[in-house]
Every structure is written in structure tokens, then in C-alpha cells.
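Below is upload_30.cif, holding mmCIF, C-alpha atoms.
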```
data_target
#
loop_
_atom_site.label_atom_id
_atom_site.label_comp_id
_atom_site.auth_asym_id
_atom_site.auth_seq_id
_atom_site.Cartn_x
_atom_site.Cartn_y
_atom_site.Cartn_z
CA MET A 1 -59.26 -11.50 18.37
CA ALA A 2 -61.46 -8.72 17.10
CA ARG A 3 -59.57 -5.59 16.12
CA VAL A 4 -60.70 -2.02 15.66
CA TRP A 5 -58.96 0.41 13.32
CA HIS A 6 -59.55 4.02 12.39
CA ARG A 7 -60.55 4.44 8.76
CA LEU A 8 -58.24 7.45 8.31
CA ALA A 9 -58.88 7.78 4.64
CA ALA A 10 -62.58 7.34 5.16
CA ALA A 11 -62.54 10.22 7.59
CA ALA A 12 -60.69 12.27 5.02
CA PHE A 13 -62.58 11.19 1.94
CA SER A 14 -65.69 9.04 2.39
CA VAL A 15 -67.24 11.46 4.83
CA SER A 16 -66.33 14.48 2.81
CA LEU A 17 -65.95 13.33 -0.75
CA VAL A 18 -67.43 16.52 -2.08
CA VAL A 19 -65.68 17.36 -5.32
CA VAL A 20 -66.71 19.02 -8.54
CA LEU A 21 -67.62 17.09 -11.62
CA SER A 22 -65.19 16.83 -14.51
CA GLN A 23 -64.89 20.19 -16.23
CA CYS A 24 -65.06 18.87 -19.72
CA LYS A 25 -67.76 21.18 -21.03
CA GLY A 26 -70.48 18.54 -21.18
CA LEU A 27 -68.29 15.62 -22.21
CA LYS A 28 -68.67 12.58 -19.96
CA PRO A 29 -65.36 11.21 -18.66
CA THR A 30 -64.39 7.66 -19.64
CA PRO A 31 -62.10 5.14 -17.90
CA GLY A 32 -58.46 5.78 -18.82
CA ALA A 33 -59.09 9.29 -20.14
CA PRO A 34 -56.41 11.83 -19.12
CA CYS A 35 -57.30 14.33 -16.41
CA VAL A 36 -55.57 17.04 -14.43
CA SER A 37 -57.69 17.47 -11.30
CA ASN A 38 -56.62 14.57 -9.08
CA GLY A 39 -59.17 13.70 -6.42
CA LYS A 40 -62.18 14.79 -8.45
CA TYR A 41 -64.76 12.19 -9.37
CA GLN A 42 -68.16 11.69 -10.97
CA CYS A 43 -70.87 9.10 -10.29
CA THR A 44 -71.48 6.76 -13.23
CA ASP A 45 -74.23 4.69 -11.56
CA PRO A 46 -75.58 4.20 -8.03
CA GLN A 47 -72.58 2.03 -7.01
CA ASN A 48 -69.70 3.30 -9.11
CA ALA A 49 -67.78 6.45 -10.00
CA LEU A 50 -64.86 7.67 -12.10
CA LEU A 51 -62.03 9.24 -10.14
CA CYS A 52 -59.19 11.42 -11.40
CA GLN A 53 -56.22 9.65 -9.86
CA GLY A 54 -52.63 9.68 -11.07
CA GLY A 55 -53.53 11.82 -14.09
CA LYS A 56 -56.22 9.55 -15.52
CA MET A 57 -59.84 8.66 -14.87
CA VAL A 58 -60.11 5.35 -13.04
CA PRO A 59 -63.26 3.46 -11.99
CA ILE A 60 -63.89 3.14 -8.25
CA SER A 61 -66.64 1.35 -6.37
CA CYS A 62 -69.16 2.93 -3.98
CA LYS A 63 -70.78 -0.17 -2.47
CA GLY A 64 -71.55 1.28 0.95
CA PRO A 65 -75.22 1.64 1.91
CA LYS A 66 -75.38 5.20 0.52
CA GLY A 67 -73.77 4.25 -2.81
CA CYS A 68 -72.77 7.03 -5.18
CA SER A 69 -75.19 9.91 -5.15
CA GLY A 70 -75.56 13.59 -5.86
CA MET A 71 -74.34 15.84 -8.64
CA GLY A 72 -71.60 18.40 -8.88
CA VAL A 73 -70.30 19.61 -5.53
CA SER A 74 -72.92 17.48 -3.71
CA SER A 75 -71.60 14.18 -5.09
CA GLN A 76 -70.67 11.57 -2.48
CA CYS A 77 -69.19 8.05 -2.73
CA ASP A 78 -69.78 5.62 0.14
CA ASP A 79 -66.87 3.14 0.03
CA ASP A 80 -67.53 1.45 3.38
CA PHE A 81 -67.97 -1.86 1.51
CA ALA A 82 -66.08 -3.13 -1.52
CA SER A 83 -64.70 -6.17 -3.34
CA ALA A 84 -61.03 -7.09 -3.72
CA GLY A 85 -59.55 -5.92 -7.03
CA GLU A 86 -61.92 -2.99 -7.50
CA GLY A 87 -60.68 0.58 -7.80
CA CYS A 88 -60.45 2.78 -4.71
CA MET A 89 -59.33 6.21 -3.59
CA MET A 90 -55.81 6.19 -2.17
CA ALA A 91 -55.33 7.87 1.20
CA VAL A 92 -53.24 10.99 1.63
CA SER A 93 -52.17 9.66 5.05
CA GLY A 94 -52.88 6.41 6.89
CA ASP A 95 -54.91 3.66 5.25
CA ASN A 96 -58.22 3.64 3.45
CA LEU A 97 -60.01 0.53 4.78
CA ALA A 98 -63.29 -1.16 3.92
CA CYS A 99 -65.26 -4.31 4.68
CA GLY A 100 -65.83 -6.87 1.95
CA THR A 101 -69.38 -6.99 0.65
CA ASP A 102 -69.78 -10.42 2.32
CA LYS A 103 -68.72 -8.82 5.64
CA LEU A 104 -66.19 -11.64 6.10
CA THR A 105 -63.08 -9.72 4.99
CA GLU A 106 -61.23 -6.47 5.60
CA LEU A 107 -59.77 -4.63 2.62
CA THR A 108 -57.04 -1.99 2.28
CA CYS A 109 -56.65 0.40 -0.64
CA VAL A 110 -53.20 -0.36 -2.13
CA ALA A 111 -51.99 1.43 -5.28
CA GLY A 112 -55.55 2.32 -6.20
CA LEU A 113 -57.04 -1.18 -5.82
CA TRP A 114 -58.79 -2.86 -2.90
CA LYS A 115 -56.58 -5.64 -1.49
CA LEU A 116 -57.63 -8.36 0.97
CA THR A 117 -55.92 -7.67 4.31
CA ARG A 118 -57.45 -10.29 6.59
CA THR A 119 -60.53 -12.40 7.12
CA CYS A 120 -63.21 -11.59 9.71
CA LYS A 121 -64.90 -14.97 10.25
CA GLY A 122 -65.71 -14.45 13.94
CA PRO A 123 -69.37 -14.04 14.97
CA LYS A 124 -69.22 -10.21 14.74
CA LYS A 125 -67.76 -10.35 11.20
CA CYS A 126 -66.60 -7.01 9.68
CA THR A 127 -68.52 -3.92 10.73
CA ILE A 128 -68.13 -0.16 10.36
CA ASN A 129 -69.23 2.44 12.86
CA GLY A 130 -68.55 5.96 11.65
CA THR A 131 -64.83 6.13 10.86
CA MET A 132 -64.04 2.93 12.80
CA ILE A 133 -63.71 -0.52 11.25
CA ASN A 134 -64.02 -3.64 13.41
CA CYS A 135 -62.80 -7.02 12.11
CA ASP A 136 -63.64 -10.04 14.27
CA ASP A 137 -60.79 -12.43 13.43
CA SER A 138 -61.34 -14.68 16.44
CA MET A 139 -62.07 -17.40 13.88
CA GLY A 140 -60.04 -18.05 10.75
CA ASP A 141 -59.06 -20.99 8.59
CA VAL A 142 -55.57 -22.25 7.80
CA ASN A 143 -53.82 -19.95 5.24
CA ASP A 144 -56.37 -17.15 5.69
CA PRO A 145 -54.67 -13.71 5.63
CA CYS A 146 -54.28 -12.11 9.05
CA THR A 147 -52.44 -9.33 10.89
CA VAL A 148 -50.15 -9.31 13.92
CA GLU A 149 -49.53 -6.43 16.26
CA ALA A 150 -46.63 -6.00 18.69
CA GLY A 151 -47.26 -8.00 21.85
CA ASP A 152 -50.19 -9.90 20.34
CA ASN A 153 -49.69 -13.37 18.84
CA ASN A 154 -53.26 -13.35 17.48
CA TYR A 155 -54.65 -16.84 18.10
CA GLY A 156 -58.02 -18.04 16.83
CA CYS A 157 -60.12 -21.11 16.02
CA THR A 158 -60.87 -22.54 12.60
CA THR A 159 -64.49 -22.34 11.51
CA ASP A 160 -64.95 -26.09 12.05
CA LYS A 161 -63.57 -25.60 15.61
CA LYS A 162 -61.09 -28.45 15.24
CA ILE A 163 -57.83 -26.46 15.04
CA GLU A 164 -56.29 -23.61 17.00
CA VAL A 165 -54.51 -21.25 14.60
CA VAL A 166 -51.95 -18.49 15.11
CA CYS A 167 -51.12 -15.60 12.78
CA ASP A 168 -47.62 -16.13 11.40
CA ALA A 169 -45.87 -12.74 11.22
CA SER A 170 -43.55 -13.82 8.38
CA THR A 171 -46.36 -14.82 6.00
CA SER A 172 -49.32 -12.87 7.46
CA LYS A 173 -51.36 -16.07 7.33
CA PHE A 174 -53.11 -18.22 9.91
CA LEU A 175 -51.16 -21.45 10.49
CA PRO A 176 -52.01 -24.47 12.68
CA SER A 177 -50.87 -24.09 16.27
CA ASN A 178 -52.76 -26.94 17.94
CA THR A 179 -55.29 -29.63 17.09
CA CYS A 180 -58.39 -29.77 19.28
CA ARG A 181 -59.94 -33.23 18.85
CA GLY A 182 -61.50 -33.38 22.31
CA PRO A 183 -65.31 -33.06 22.61
CA LYS A 184 -65.14 -29.29 23.26
CA GLY A 185 -62.97 -28.63 20.22
CA CYS A 186 -61.55 -25.12 19.87
CA TYR A 187 -63.60 -22.43 21.57
CA ILE A 188 -63.37 -18.84 22.77
CA GLU A 189 -64.36 -17.45 26.15
CA ASN A 190 -63.75 -13.89 27.31
CA ASP A 191 -61.49 -13.17 24.32
CA LYS A 192 -59.28 -16.18 25.14
CA VAL A 193 -58.78 -19.23 22.91
CA PHE A 194 -59.12 -22.69 24.47
CA CYS A 195 -58.22 -25.98 22.81
CA ASP A 196 -59.56 -29.34 24.07
CA GLN A 197 -56.61 -31.73 23.65
CA SER A 198 -58.13 -34.61 25.61
CA MET A 199 -58.01 -36.59 22.34
CA ALA A 200 -55.29 -36.42 19.71
CA ARG A 201 -53.96 -38.04 16.53
CA LEU A 202 -50.40 -39.08 15.64
CA GLY A 203 -48.64 -36.42 13.57
CA ASP A 204 -51.06 -33.60 14.42
CA LYS A 205 -49.73 -30.23 15.59
CA CYS A 206 -49.55 -29.75 19.35
CA ARG A 207 -48.20 -27.56 22.12
CA PRO A 208 -46.72 -27.31 24.66
CA VAL A 209 -43.87 -29.83 24.38
CA ASP A 210 -44.29 -32.84 26.73
CA ASN A 211 -48.05 -32.42 26.90
CA HIS A 212 -49.87 -35.80 27.05
CA SER A 213 -53.14 -37.02 25.59
CA CYS A 214 -55.02 -40.14 24.45
CA SER A 215 -55.44 -41.38 20.91
CA GLU A 216 -58.93 -41.14 19.47
CA ASP A 217 -59.50 -44.88 19.84
CA ALA A 218 -58.12 -44.77 23.42
CA THR A 219 -55.51 -47.46 22.70
CA GLN A 220 -52.42 -45.23 23.02
CA GLU A 221 -51.00 -42.50 25.19
CA LEU A 222 -49.52 -39.71 23.06
CA LYS A 223 -46.89 -37.09 23.83
CA CYS A 224 -46.17 -33.70 22.25
CA SER A 225 -42.66 -33.90 20.80
CA PRO A 226 -40.02 -31.14 20.56
CA GLN A 227 -41.12 -30.83 16.92
CA PHE A 228 -44.62 -29.86 18.17
CA THR A 229 -46.32 -32.97 16.79
CA TRP A 230 -48.02 -35.83 18.62
CA ILE A 231 -45.94 -39.03 18.92
CA LYS A 232 -46.68 -42.34 20.64
CA GLN A 233 -45.66 -42.54 24.26
CA ARG A 234 -46.91 -46.11 24.88
CA ASP A 235 -49.69 -48.59 24.19
CA CYS A 236 -52.60 -48.98 26.63
CA LYS A 237 -53.46 -52.67 26.15
CA HIS A 238 -55.59 -53.40 29.20
CA SER A 239 -58.05 -50.69 30.30
CA GLY A 240 -57.15 -48.28 27.52
CA CYS A 241 -56.20 -44.60 27.77
CA LYS A 242 -58.34 -42.32 29.93
CA ILE A 243 -58.23 -38.74 31.13
CA LYS A 244 -59.38 -37.95 34.67
CA SER A 245 -59.08 -34.50 36.23
CA SER A 246 -56.74 -33.41 33.43
CA GLU A 247 -54.43 -36.40 34.10
CA VAL A 248 -53.73 -39.11 31.52
CA TYR A 249 -54.02 -42.72 32.68
CA CYS A 250 -52.76 -45.55 30.47
CA ASP A 251 -53.13 -49.19 31.44
#
```

Whole structure, C-alpha cells version:
Amino acid sequence: MARVWHRLAAAAFSVSLVVVLSQCKGLKPTPGAPCVSNGKYQCTDPQNALLCQGGKMVPISCKGPKGCSGMGVSSQCDDDFASAGEGCMMAVSGDNLACGTDKLTELTCVAGLWKLTRTCKGPKKCTINGTMINCDDSMGDVNDPCTVEAGDNNYGCTTDKKIEVVCDASTSKFLPSNTCRGPKGCYIENDKVFCDQSMARLGDKCRPVDNHSCSEDATQELKCSPQFTWIKQRDCKHSGCKIKSSEVYCD
């Protein structure tokens, strides 16, 4: 589901990134050049800056709507949006977060570089309001990066609405939880994920165990096995397999 996080570093830096320019007596800083004033930076163009970080000047991106602007103590870098792999300002405490420029991803500043944290493929995408970042991960595809919080299994639908996915805590990736081959597919109502299992296919993922469904050609009744995959229960040779009032009928 959609998640909202405080951009702690943004509150500390993006809002108040007011630092003096490099004191090099007129010499422009260059990437990799040694420096002594960590945290100080200088705009190099409307969307980029050089930051003194870890004792050297490193390039960082300023792809937020305000870009990089100002001179001297009035300089400001808007890092609300960025691309994975670009340089960023590390947070003193908490995390420095940003939305991807496509608004479909959430990024975290790790060791001075923006790293993809999770995808935000739900209808609200990734948005920023002040110091708050909102990532709508109600939709995500298999193997997309994701996050899990205590007490929240974090289910979603794939973008083609054919699979219910769950965020696997051990890999931090969306994995198949259920196939949804019924006419309604996988859908979300009131922040809850629903999966139409009125039709199924042998070998597909399923849950819960002992759930029943019909094959897509209506010739077999299927059952969800203890291994969480659909197996054949029996053939329906006469009137086929039908579902009425959530009950499976096989003749």
C-alpha cells in the first residue's frame, strides 16, 4: 500500500542548504578535488552542484523543480527528484529520500549515491509534500524492490492485474503470492487487495491451501496444494466446471 515517510535529510539539508561557496580565491572546484569544508557546495549548472563530502568535491544532482540556484550563501539545491546512481548529500541522521525523475521509484541516499529503494507504480506514484515523501506501492511487478514494515505484509497487484504479489522480507522484492485469472483480475478497494481466483491454471501460485477453482477451459476442477500451487482435483467431463455463489461445481 502507499507509504509516507519523513524526508529527514531533506528537512535538514534540502530546505536549508545554505552554504558558502568554495573558498579557493576565484578557482572553480572540480570533481575529485580535495576540500576541507564538508557540507559546502557550489552550483555548476541549473540541475547540478559540487559538494565537499568526505574530503573531496563530488558531483550531486539537484533535479527538483527549483534546481540549483543562487550564489554564495544564497545557494540552494533542490534534491526532491533524482536518478539512481547519481551523487547525493548524505544525511547526518535518518535517511535522505527522493523520488525518481519518472515518479515511479523511491530513492535513498546510500554512501553518497542515490539507490533505488522501492517502486511506486500505484496510481498516486511517488510524490513529495514539504518534507514528506509518499510512495504508492499498491502496484508492483514481480522482482520489483519493495519494503516491509512490522505488522504489514505489504501485498499489491502487478501492473497487468493478473498476479497478487507480496513483499518478501528476506529479499526486499515483490514475489508472486496468488494468480488472479478470473475476469476481475487483481484489484484494490479501500486499501485492500482482492484476487479473482474463479479461474486458474495448473502450476500457478495460489493461496490458501485447499482453495478450489476451475481451469480456464472449464474442463477441470483445481485445488490449491500444500505447496501453494494449483493441482488437478478432477475432470469435469459432462457439464464442465462452473462457479456459482463462490462454490465450485464439477460435473

On this file, the PyMOL selection byres ((chain A and resi 111) around 9) gives some set of residues; write that set as a ChimeraX atom specification. /A:88-90,109-110,112-114

For the interface of region 153-207 of chain A with region 231-247 of chain A (cut-off 8 Å, counting only C-alpha atoms), please tabulate each contacting residue of region 153-207 of chain A alongside its nearest pair of atoms and their separation in Å to one decimal, rows sorted by chain and increasing number, as CSV.
```
residue,atom,partner,partner_atom,distance
A:Ser198,CA,A:Ile243,CA,6.9
A:Leu202,CA,A:Ile231,CA,5.5
A:Gly203,CA,A:Ile231,CA,6.5
```

Take the residues from that selection and put them in a file with C-alpha atoms, as a short mmCIF file (atom, residue, chain, number, x, y, z; two decimals), in the frame of the given file.
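Result file follows (result-v4.cif):
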```cif
data_model
loop_
_atom_site.label_atom_id
_atom_site.label_comp_id
_atom_site.auth_asym_id
_atom_site.auth_seq_id
_atom_site.Cartn_x
_atom_site.Cartn_y
_atom_site.Cartn_z
CA SER A 198 -58.13 -34.61 25.61
CA LEU A 202 -50.40 -39.08 15.64
CA GLY A 203 -48.64 -36.42 13.57
#
```

Just so the selection is clear, what residues does the PyMOL selection byres ((chain A and resi 97) around 7) cover here, as a ChimeraX atom specification? /A:7,95-96,98,107-109

Which residues, written as a PyMOL selection string, have at least one atom at most 10 Å from Lys184 (chain A), with all atoms listed in the file counted and residues fewer than 6 positions away on the same chain left out? chain A and resi 161-162+194-198

Output C-alpha atoms for every residue in that selection, as a tab-separated table (two decimals), in the frame of the given file.
```tsv
chain	number	residue	atom	x	y	z
A	161	LYS	CA	-63.57	-25.60	15.61
A	162	LYS	CA	-61.09	-28.45	15.24
A	194	PHE	CA	-59.12	-22.69	24.47
A	195	CYS	CA	-58.22	-25.98	22.81
A	196	ASP	CA	-59.56	-29.34	24.07
A	197	GLN	CA	-56.61	-31.73	23.65
A	198	SER	CA	-58.13	-34.61	25.61
```

CA of Lys63 (chain A) to CA of Thr159 (chain A) measures 27.0 Å

Assuming the chain letters and numbering stay as they are in my file, what does the PyMOL selection byres ((chain A and resi 56) around 6) actually select? List them as an mmCIF file with C-alpha atoms, in the frame of the given file.
```cif
data_model
loop_
_atom_site.group_PDB
_atom_site.id
_atom_site.type_symbol
_atom_site.label_atom_id
_atom_site.label_comp_id
_atom_site.auth_asym_id
_atom_site.auth_seq_id
_atom_site.Cartn_x
_atom_site.Cartn_y
_atom_site.Cartn_z
ATOM 1 C CA GLY A 32 -58.460 5.780 -18.820
ATOM 2 C CA ALA A 33 -59.090 9.290 -20.140
ATOM 3 C CA PRO A 34 -56.410 11.830 -19.120
ATOM 4 C CA CYS A 35 -57.300 14.330 -16.410
ATOM 5 C CA CYS A 52 -59.190 11.420 -11.400
ATOM 6 C CA GLN A 53 -56.220 9.650 -9.860
ATOM 7 C CA GLY A 54 -52.630 9.680 -11.070
ATOM 8 C CA GLY A 55 -53.530 11.820 -14.090
ATOM 9 C CA MET A 57 -59.840 8.660 -14.870
#
```

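The residue that comes closest to Val92 (chain A), out of A:Asn38, A:Gly70, A:Asn178, A:Asn48 and on the basis of only C-alpha atoms, is A:Asn38.
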
Separation of CA of Leu50 (chain A) from CA of Pro31 (chain A) in Å: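 Interatomic distance, CA of Pro31 (chain A) to CA of Leu50 (chain A): 6.9 Å.
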
Just the number, please: distance in Å from CA of Gly39 (chain A) to CA of Ala82 (chain A), one decimal. 18.8 Å

Using only C-alpha atoms, can you tell me which of A:Gly85, A:Gly130, A:Gly64, A:Gly182 comes closest to Leu116 (chain A)?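 The closest residue to Leu116 (chain A) is A:Gly85.
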
Just give me the residues with any atom within 6 Å of (-67.8, 5.7, -9.6), file coordinates, counting all atoms listed in the file, written as a list in words.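 So the residues meeting the distance criterion are Cys43, Thr44, Asn48, Ala49, Leu50, Pro59, Ile60 and Ser61 of chain A.
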
Nearby residues (all atoms listed in the file) at most 8 Å from Asp204 (chain A), same-chain spacing under 6 positions excluded, as a ChimeraX atom specification: /A:178-179,229-230

Given all atoms listed in the file as the counted atoms, nearest of A:Gly100, A:Pro208, A:Pro145, A:Gly87 to Cys167 (chain A):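 Among the listed residues, the smallest separation from Cys167 (chain A) belongs to A:Pro145.
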
Of the candidates A:Val148, A:Val193, A:Ala84, A:Cys135, which one gets nearest to Thr171 (chain A) if we count all atoms listed in the file? A:Val148

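Among the candidates A:Thr30, A:Asp102, A:Ser177, A:Ser172, the residue lying nearest to Cys157 (chain A) is A:Ser177 (atoms considered: only C-alpha atoms).
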
Have a look at A:Gln42, A:Gln47, A:Thr105, A:Asn153 and name the one nearest to Lys124 (chain A); count all atoms listed in the file.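 Looking only at the distances to Lys124 (chain A), the closest residue turns out to be A:Thr105.
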